[in-house]
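Text of the file data.pdb, holding PDB, C-alpha atoms:
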```
ATOM      1  CA  MET A 201      -6.947  15.974   1.129  1.00  0.00           C
ATOM      2  CA  GLN A 202      -8.450  15.922   4.562  1.00  0.00           C
ATOM      3  CA  GLU A 203      -7.759  13.349   7.259  1.00  0.00           C
ATOM      4  CA  LYS A 204     -11.307  11.946   6.937  1.00  0.00           C
ATOM      5  CA  ASP A 205     -10.652  11.268   3.229  1.00  0.00           C
ATOM      6  CA  HIS A 206      -7.454   9.410   4.092  1.00  0.00           C
ATOM      7  CA  GLU A 207      -9.339   7.354   6.662  1.00  0.00           C
ATOM      8  CA  PHE A 208     -12.084   6.469   4.167  1.00  0.00           C
ATOM      9  CA  PHE A 209      -9.608   5.155   1.618  1.00  0.00           C
ATOM     10  CA  MET A 210      -7.522   3.391   4.280  1.00  0.00           C
ATOM     11  CA  ARG A 211     -10.647   1.570   5.442  1.00  0.00           C
ATOM     12  CA  GLU A 212     -11.055   0.364   1.864  1.00  0.00           C
ATOM     13  CA  ALA A 213      -7.431  -0.805   1.872  1.00  0.00           C
ATOM     14  CA  LEU A 214      -8.168  -2.631   5.141  1.00  0.00           C
ATOM     15  CA  LYS A 215     -11.000  -4.499   3.383  1.00  0.00           C
ATOM     16  CA  GLU A 216      -8.409  -5.737   0.894  1.00  0.00           C
ATOM     17  CA  ALA A 217      -6.027  -6.683   3.711  1.00  0.00           C
ATOM     18  CA  ARG A 218      -8.780  -8.769   5.314  1.00  0.00           C
ATOM     19  CA  LYS A 219      -9.224 -10.613   2.000  1.00  0.00           C
ATOM     20  CA  ALA A 220      -5.524 -11.460   2.093  1.00  0.00           C
ATOM     21  CA  PHE A 221      -5.883 -12.681   5.699  1.00  0.00           C
ATOM     22  CA  GLU A 222      -8.758 -14.967   4.673  1.00  0.00           C
ATOM     23  CA  GLN A 223      -6.560 -16.411   1.898  1.00  0.00           C
ATOM     24  CA  ASP A 224      -3.686 -17.070   4.336  1.00  0.00           C
ATOM     25  CA  GLU A 225      -1.644 -14.246   2.799  1.00  0.00           C
ATOM     26  CA  VAL A 226       0.146 -11.573   4.833  1.00  0.00           C
ATOM     27  CA  PRO A 227      -2.726  -9.102   5.318  1.00  0.00           C
ATOM     28  CA  VAL A 228      -1.669  -6.073   3.351  1.00  0.00           C
ATOM     29  CA  GLY A 229      -4.201  -4.245   1.216  1.00  0.00           C
ATOM     30  CA  ALA A 230      -3.996  -1.304  -1.140  1.00  0.00           C
ATOM     31  CA  VAL A 231      -6.286   0.965  -3.102  1.00  0.00           C
ATOM     32  CA  ILE A 232      -5.494   3.701  -5.594  1.00  0.00           C
ATOM     33  CA  ALA A 233      -7.729   6.754  -5.800  1.00  0.00           C
ATOM     34  CA  TYR A 234      -8.058   9.262  -8.627  1.00  0.00           C
ATOM     35  CA  GLU A 235     -10.258  12.356  -8.335  1.00  0.00           C
ATOM     36  CA  GLY A 236     -11.969  10.980  -5.237  1.00  0.00           C
ATOM     37  CA  SER A 237     -12.802   7.534  -6.664  1.00  0.00           C
ATOM     38  CA  ILE A 238     -11.097   4.185  -6.271  1.00  0.00           C
ATOM     39  CA  ILE A 239      -9.681   3.006  -9.594  1.00  0.00           C
ATOM     40  CA  ALA A 240      -7.748  -0.034  -8.326  1.00  0.00           C
ATOM     41  CA  ARG A 241      -7.785  -2.470  -5.409  1.00  0.00           C
ATOM     42  CA  ALA A 242      -5.435  -5.275  -4.482  1.00  0.00           C
ATOM     43  CA  HIS A 243      -4.070  -7.377  -1.668  1.00  0.00           C
ATOM     44  CA  ASN A 244      -0.996  -9.515  -1.205  1.00  0.00           C
ATOM     45  CA  LEU A 245      -0.975 -12.658  -3.352  1.00  0.00           C
ATOM     46  CA  ARG A 246       2.599 -13.925  -2.984  1.00  0.00           C
ATOM     47  CA  GLU A 247       1.676 -17.342  -1.620  1.00  0.00           C
ATOM     48  CA  ARG A 248      -1.190 -18.009  -4.006  1.00  0.00           C
ATOM     49  CA  SER A 249       0.759 -16.860  -7.074  1.00  0.00           C
ATOM     50  CA  GLN A 250       4.215 -17.961  -5.878  1.00  0.00           C
ATOM     51  CA  ASP A 251       5.409 -14.594  -7.174  1.00  0.00           C
ATOM     52  CA  ALA A 252       7.767 -12.581  -4.957  1.00  0.00           C
ATOM     53  CA  THR A 253       6.559  -9.352  -6.591  1.00  0.00           C
ATOM     54  CA  ALA A 254       2.842  -9.934  -5.873  1.00  0.00           C
ATOM     55  CA  HIS A 255       2.677  -7.278  -3.158  1.00  0.00           C
ATOM     56  CA  ALA A 256      -0.556  -5.329  -2.754  1.00  0.00           C
ATOM     57  CA  GLU A 257       1.036  -2.088  -3.966  1.00  0.00           C
ATOM     58  CA  VAL A 258       2.503  -3.581  -7.149  1.00  0.00           C
ATOM     59  CA  LEU A 259      -0.756  -5.338  -8.014  1.00  0.00           C
ATOM     60  CA  ALA A 260      -2.739  -2.141  -7.375  1.00  0.00           C
ATOM     61  CA  ILE A 261      -0.336  -0.119  -9.522  1.00  0.00           C
ATOM     62  CA  LYS A 262      -0.721  -2.618 -12.384  1.00  0.00           C
ATOM     63  CA  ALA A 263      -4.519  -2.426 -12.117  1.00  0.00           C
ATOM     64  CA  ALA A 264      -4.478   1.386 -11.969  1.00  0.00           C
ATOM     65  CA  CYS A 265      -2.243   1.616 -15.037  1.00  0.00           C
ATOM     66  CA  GLU A 266      -4.721  -0.553 -16.902  1.00  0.00           C
ATOM     67  CA  ALA A 267      -7.668   1.532 -15.679  1.00  0.00           C
ATOM     68  CA  MET A 268      -5.973   4.805 -16.615  1.00  0.00           C
ATOM     69  CA  GLY A 269      -4.501   3.556 -19.877  1.00  0.00           C
ATOM     70  CA  THR A 270      -1.044   4.830 -18.935  1.00  0.00           C
ATOM     71  CA  TRP A 271       1.884   3.949 -16.727  1.00  0.00           C
ATOM     72  CA  ARG A 272       2.004   7.514 -15.379  1.00  0.00           C
ATOM     73  CA  LEU A 273      -0.329   7.651 -12.397  1.00  0.00           C
ATOM     74  CA  THR A 274      -0.084  11.399 -11.847  1.00  0.00           C
ATOM     75  CA  GLY A 275      -3.052  12.693  -9.909  1.00  0.00           C
ATOM     76  CA  CYS A 276      -3.398   9.371  -8.074  1.00  0.00           C
ATOM     77  CA  SER A 277      -2.941   8.447  -4.425  1.00  0.00           C
ATOM     78  CA  LEU A 278      -2.008   5.001  -3.126  1.00  0.00           C
ATOM     79  CA  TYR A 279      -3.383   3.878   0.233  1.00  0.00           C
ATOM     80  CA  VAL A 280      -1.696   0.849   1.769  1.00  0.00           C
ATOM     81  CA  THR A 281      -2.080  -0.727   5.192  1.00  0.00           C
ATOM     82  CA  LEU A 282       1.661  -1.325   5.716  1.00  0.00           C
ATOM     83  CA  GLU A 283       4.629   0.925   4.986  1.00  0.00           C
ATOM     84  CA  PRO A 284       5.956   0.071   1.514  1.00  0.00           C
ATOM     85  CA  CYS A 285       9.066  -2.080   1.135  1.00  0.00           C
ATOM     86  CA  PRO A 286      11.949  -0.979  -1.145  1.00  0.00           C
ATOM     87  CA  MET A 287      10.488  -2.788  -4.185  1.00  0.00           C
ATOM     88  CA  CYS A 288       7.093  -1.151  -3.728  1.00  0.00           C
ATOM     89  CA  ALA A 289       8.611   2.263  -3.014  1.00  0.00           C
ATOM     90  CA  GLY A 290      10.503   1.953  -6.291  1.00  0.00           C
ATOM     91  CA  ALA A 291       7.299   1.051  -8.136  1.00  0.00           C
ATOM     92  CA  ILE A 292       5.516   4.022  -6.555  1.00  0.00           C
ATOM     93  CA  ILE A 293       8.279   6.372  -7.680  1.00  0.00           C
ATOM     94  CA  LEU A 294       8.382   4.922 -11.199  1.00  0.00           C
ATOM     95  CA  ALA A 295       4.583   5.113 -11.547  1.00  0.00           C
ATOM     96  CA  ARG A 296       4.692   8.826 -10.632  1.00  0.00           C
ATOM     97  CA  LEU A 297       1.994   8.508  -7.952  1.00  0.00           C
ATOM     98  CA  ASP A 298       1.348  11.886  -6.331  1.00  0.00           C
ATOM     99  CA  ARG A 299       0.864  10.538  -2.832  1.00  0.00           C
ATOM    100  CA  VAL A 300       1.377   7.415  -0.756  1.00  0.00           C
ATOM    101  CA  VAL A 301      -0.594   7.042   2.464  1.00  0.00           C
ATOM    102  CA  PHE A 302       0.213   4.132   4.741  1.00  0.00           C
ATOM    103  CA  GLY A 303      -1.076   2.753   8.004  1.00  0.00           C
ATOM    104  CA  ALA A 304       1.334   0.692  10.089  1.00  0.00           C
ATOM    105  CA  PRO A 305       5.093   1.234  10.007  1.00  0.00           C
ATOM    106  CA  ASP A 306       7.322  -1.696   9.007  1.00  0.00           C
ATOM    107  CA  PRO A 307      10.412  -1.712  11.248  1.00  0.00           C
ATOM    108  CA  LYS A 308      11.962  -4.630   9.307  1.00  0.00           C
ATOM    109  CA  ALA A 309      11.514  -3.545   5.687  1.00  0.00           C
ATOM    110  CA  GLY A 310       9.899  -0.102   5.596  1.00  0.00           C
ATOM    111  CA  ALA A 311      11.224   2.142   2.848  1.00  0.00           C
ATOM    112  CA  ALA A 312       9.298   5.286   3.814  1.00  0.00           C
ATOM    113  CA  GLY A 313      11.317   6.092   6.909  1.00  0.00           C
ATOM    114  CA  SER A 314      11.448   3.020   9.156  1.00  0.00           C
ATOM    115  CA  VAL A 315      14.569   1.397   7.659  1.00  0.00           C
ATOM    116  CA  VAL A 316      15.310   3.773   4.788  1.00  0.00           C
ATOM    117  CA  ASP A 317      13.366   6.551   3.071  1.00  0.00           C
ATOM    118  CA  LEU A 318      13.551   6.055  -0.674  1.00  0.00           C
ATOM    119  CA  PHE A 319      11.007   8.816  -1.218  1.00  0.00           C
ATOM    120  CA  LYS A 320      13.530  11.391   0.010  1.00  0.00           C
ATOM    121  CA  VAL A 321      16.443  10.334  -2.187  1.00  0.00           C
ATOM    122  CA  GLU A 322      17.196  13.608  -3.959  1.00  0.00           C
ATOM    123  CA  ARG A 323      18.618  12.048  -7.111  1.00  0.00           C
ATOM    124  CA  PHE A 324      15.379  10.228  -7.928  1.00  0.00           C
ATOM    125  CA  ASN A 325      13.253  12.105 -10.447  1.00  0.00           C
ATOM    126  CA  HIS A 326       9.978  11.822  -8.526  1.00  0.00           C
ATOM    127  CA  HIS A 327       9.101  12.409  -4.871  1.00  0.00           C
ATOM    128  CA  PRO A 328       5.536  11.588  -3.828  1.00  0.00           C
ATOM    129  CA  GLU A 329       3.978  13.160  -0.789  1.00  0.00           C
ATOM    130  CA  VAL A 330       4.021  10.657   2.089  1.00  0.00           C
ATOM    131  CA  VAL A 331       1.379  10.501   4.808  1.00  0.00           C
ATOM    132  CA  SER A 332       2.039   7.948   7.526  1.00  0.00           C
ATOM    133  CA  GLY A 333       0.121   6.490  10.437  1.00  0.00           C
ATOM    134  CA  VAL A 334      -3.423   6.627   9.040  1.00  0.00           C
ATOM    135  CA  LEU A 335      -5.408   4.051  11.052  1.00  0.00           C
ATOM    136  CA  ALA A 336      -2.026   2.647  12.083  1.00  0.00           C
ATOM    137  CA  GLU A 337      -3.352   0.823  15.131  1.00  0.00           C
ATOM    138  CA  GLU A 338      -6.075  -0.981  13.194  1.00  0.00           C
ATOM    139  CA  CYS A 339      -3.656  -1.887  10.401  1.00  0.00           C
ATOM    140  CA  GLY A 340      -1.053  -3.111  12.889  1.00  0.00           C
ATOM    141  CA  ILE A 341      -3.512  -5.227  14.860  1.00  0.00           C
ATOM    142  CA  LEU A 342      -4.543  -7.095  11.710  1.00  0.00           C
ATOM    143  CA  LEU A 343      -0.905  -7.943  10.987  1.00  0.00           C
ATOM    144  CA  LYS A 344      -0.220  -8.963  14.590  1.00  0.00           C
ATOM    145  CA  ASP A 345      -3.310 -11.182  14.648  1.00  0.00           C
ATOM    146  CA  PHE A 346      -2.193 -12.893  11.443  1.00  0.00           C
ATOM    147  CA  PHE A 347       1.311 -13.659  12.701  1.00  0.00           C
ATOM    148  CA  ARG A 348       0.025 -14.699  16.137  1.00  0.00           C
ATOM    149  CA  GLN A 349      -2.274 -17.197  14.400  1.00  0.00           C
ATOM    150  CA  LYS A 350       0.683 -18.496  12.353  1.00  0.00           C
ATOM    151  CA  ARG A 351       2.656 -19.203  15.519  1.00  0.00           C
ATOM    152  CA  LEU A 352      -0.106 -21.323  17.114  1.00  0.00           C
TER     153      LEU A 352
END
```

Starting from the coordinates I provided, produce the structure as structure tokens.
Amino acid sequence: MQEKDHEFFMREALKEARKAFEQDEVPVGAVIAYEGSIIARAHNLRERSQDATAHAEVLAIKAACEAMGTWRLTGCSLYVTLEPCPMCAGAIILARLDRVVFGAPDPKAGAAGSVVDLFKVERFNHHPEVVSGVLAEECGILLKDFFRQKRL
């Protein structure tokens, strides 16, 4: 995939992140693409659902599995505005996604290199391609704006 394709899908993930922001959720958005089309979209819903697992990536994976009719998401790419946490990295590995593309790094909980890199653990049976830093500044600004607003 070309950089412009990654940017297109990341902009779609940013639309989801803005929905989360509007709902007073941490603004993280995700989309899953298959053969050039978006098959799933989601944003964080932890506060609204009071579910610790309601991260954008997990919700998008659930929706993609339903759309594809299988839990194996081979051939799919996940685009997410923030580096996945350990739970989401585990879900990505288990779902067999081919690629994960993220925007902003997460120095406190990132599991794609910032704190730990679960995608490089050799003993795991699946290792998706990882592309980092796509529209990182735009993704990071949205998060910073959200937390700045929370502190007011």

- Do you know which residues the PyMOL selection byres ((chain A and resi 313-316) around 12) returns on this file, as a PyMOL selection string? chain A and resi 282-286+289+302+304-312+317-321+330-333

- Query: CA of Glu266 in chain A to CA of Ala295 in chain A: how many Å, to one decimal?
  - Reply: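 Spanning CA of Glu266 in chain A to CA of Ala295 in chain A is a straight-line distance of 12.1 Å.
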
Please report, as lines of an AutoDock Vina configuration file, the centre and edge lengths in Å to one decimal of an axis-aligned box covering all listed atoms of range 333-340 of chain A with 6 Å per side.
```
center_x = -3.0
center_y = 1.8
center_z = 12.1
size_x = 18.2
size_y = 21.7
size_z = 18.1
```

- Task: Record the distance separating CA of Val231 in chain A and CA of Ala213 in chain A, expressed in Å with one decimal.
- Result: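 About the pair CA of Val231 in chain A and CA of Ala213 in chain A: they are 5.4 Å apart.
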
- Which one of A:Met210, A:Leu352, A:Ile238, A:Arg246 sits closest to Gln223 in chain A if you count only C-alpha atoms?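 Smallest distance to Gln223 in chain A is found for A:Arg246.
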
- From the set A:Ser237, A:Asn244, A:Ser277, A:Gln202, which residue has the shortest atom-to-atom contact distance to Glu222 in chain A, counting only C-alpha atoms? A:Asn244

- Message: Between A:Val226, A:Ala217, A:Ile293, A:Leu273, which residue has the minimum interatomic distance to Arg323 in chain A, considering only C-alpha atoms?
- Response: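 Looking only at the distances to Arg323 in chain A, the closest residue turns out to be A:Ile293.
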
- Counting all atoms listed in the file, the residue of A:Leu278, A:Gly303, A:Arg272, A:Ala291 that sits nearest Glu338 in chain A: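 Ranking A:Leu278, A:Gly303, A:Arg272, A:Ala291 by distance to Glu338 in chain A, first place goes to A:Gly303.
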
- Determine the residue set returned by the PyMOL selection byres ((chain A and resi 258) around 9) for the present structure, and present it as a ChimeraX atom specification. /A:242,253-257,259-263,287-288,291-292
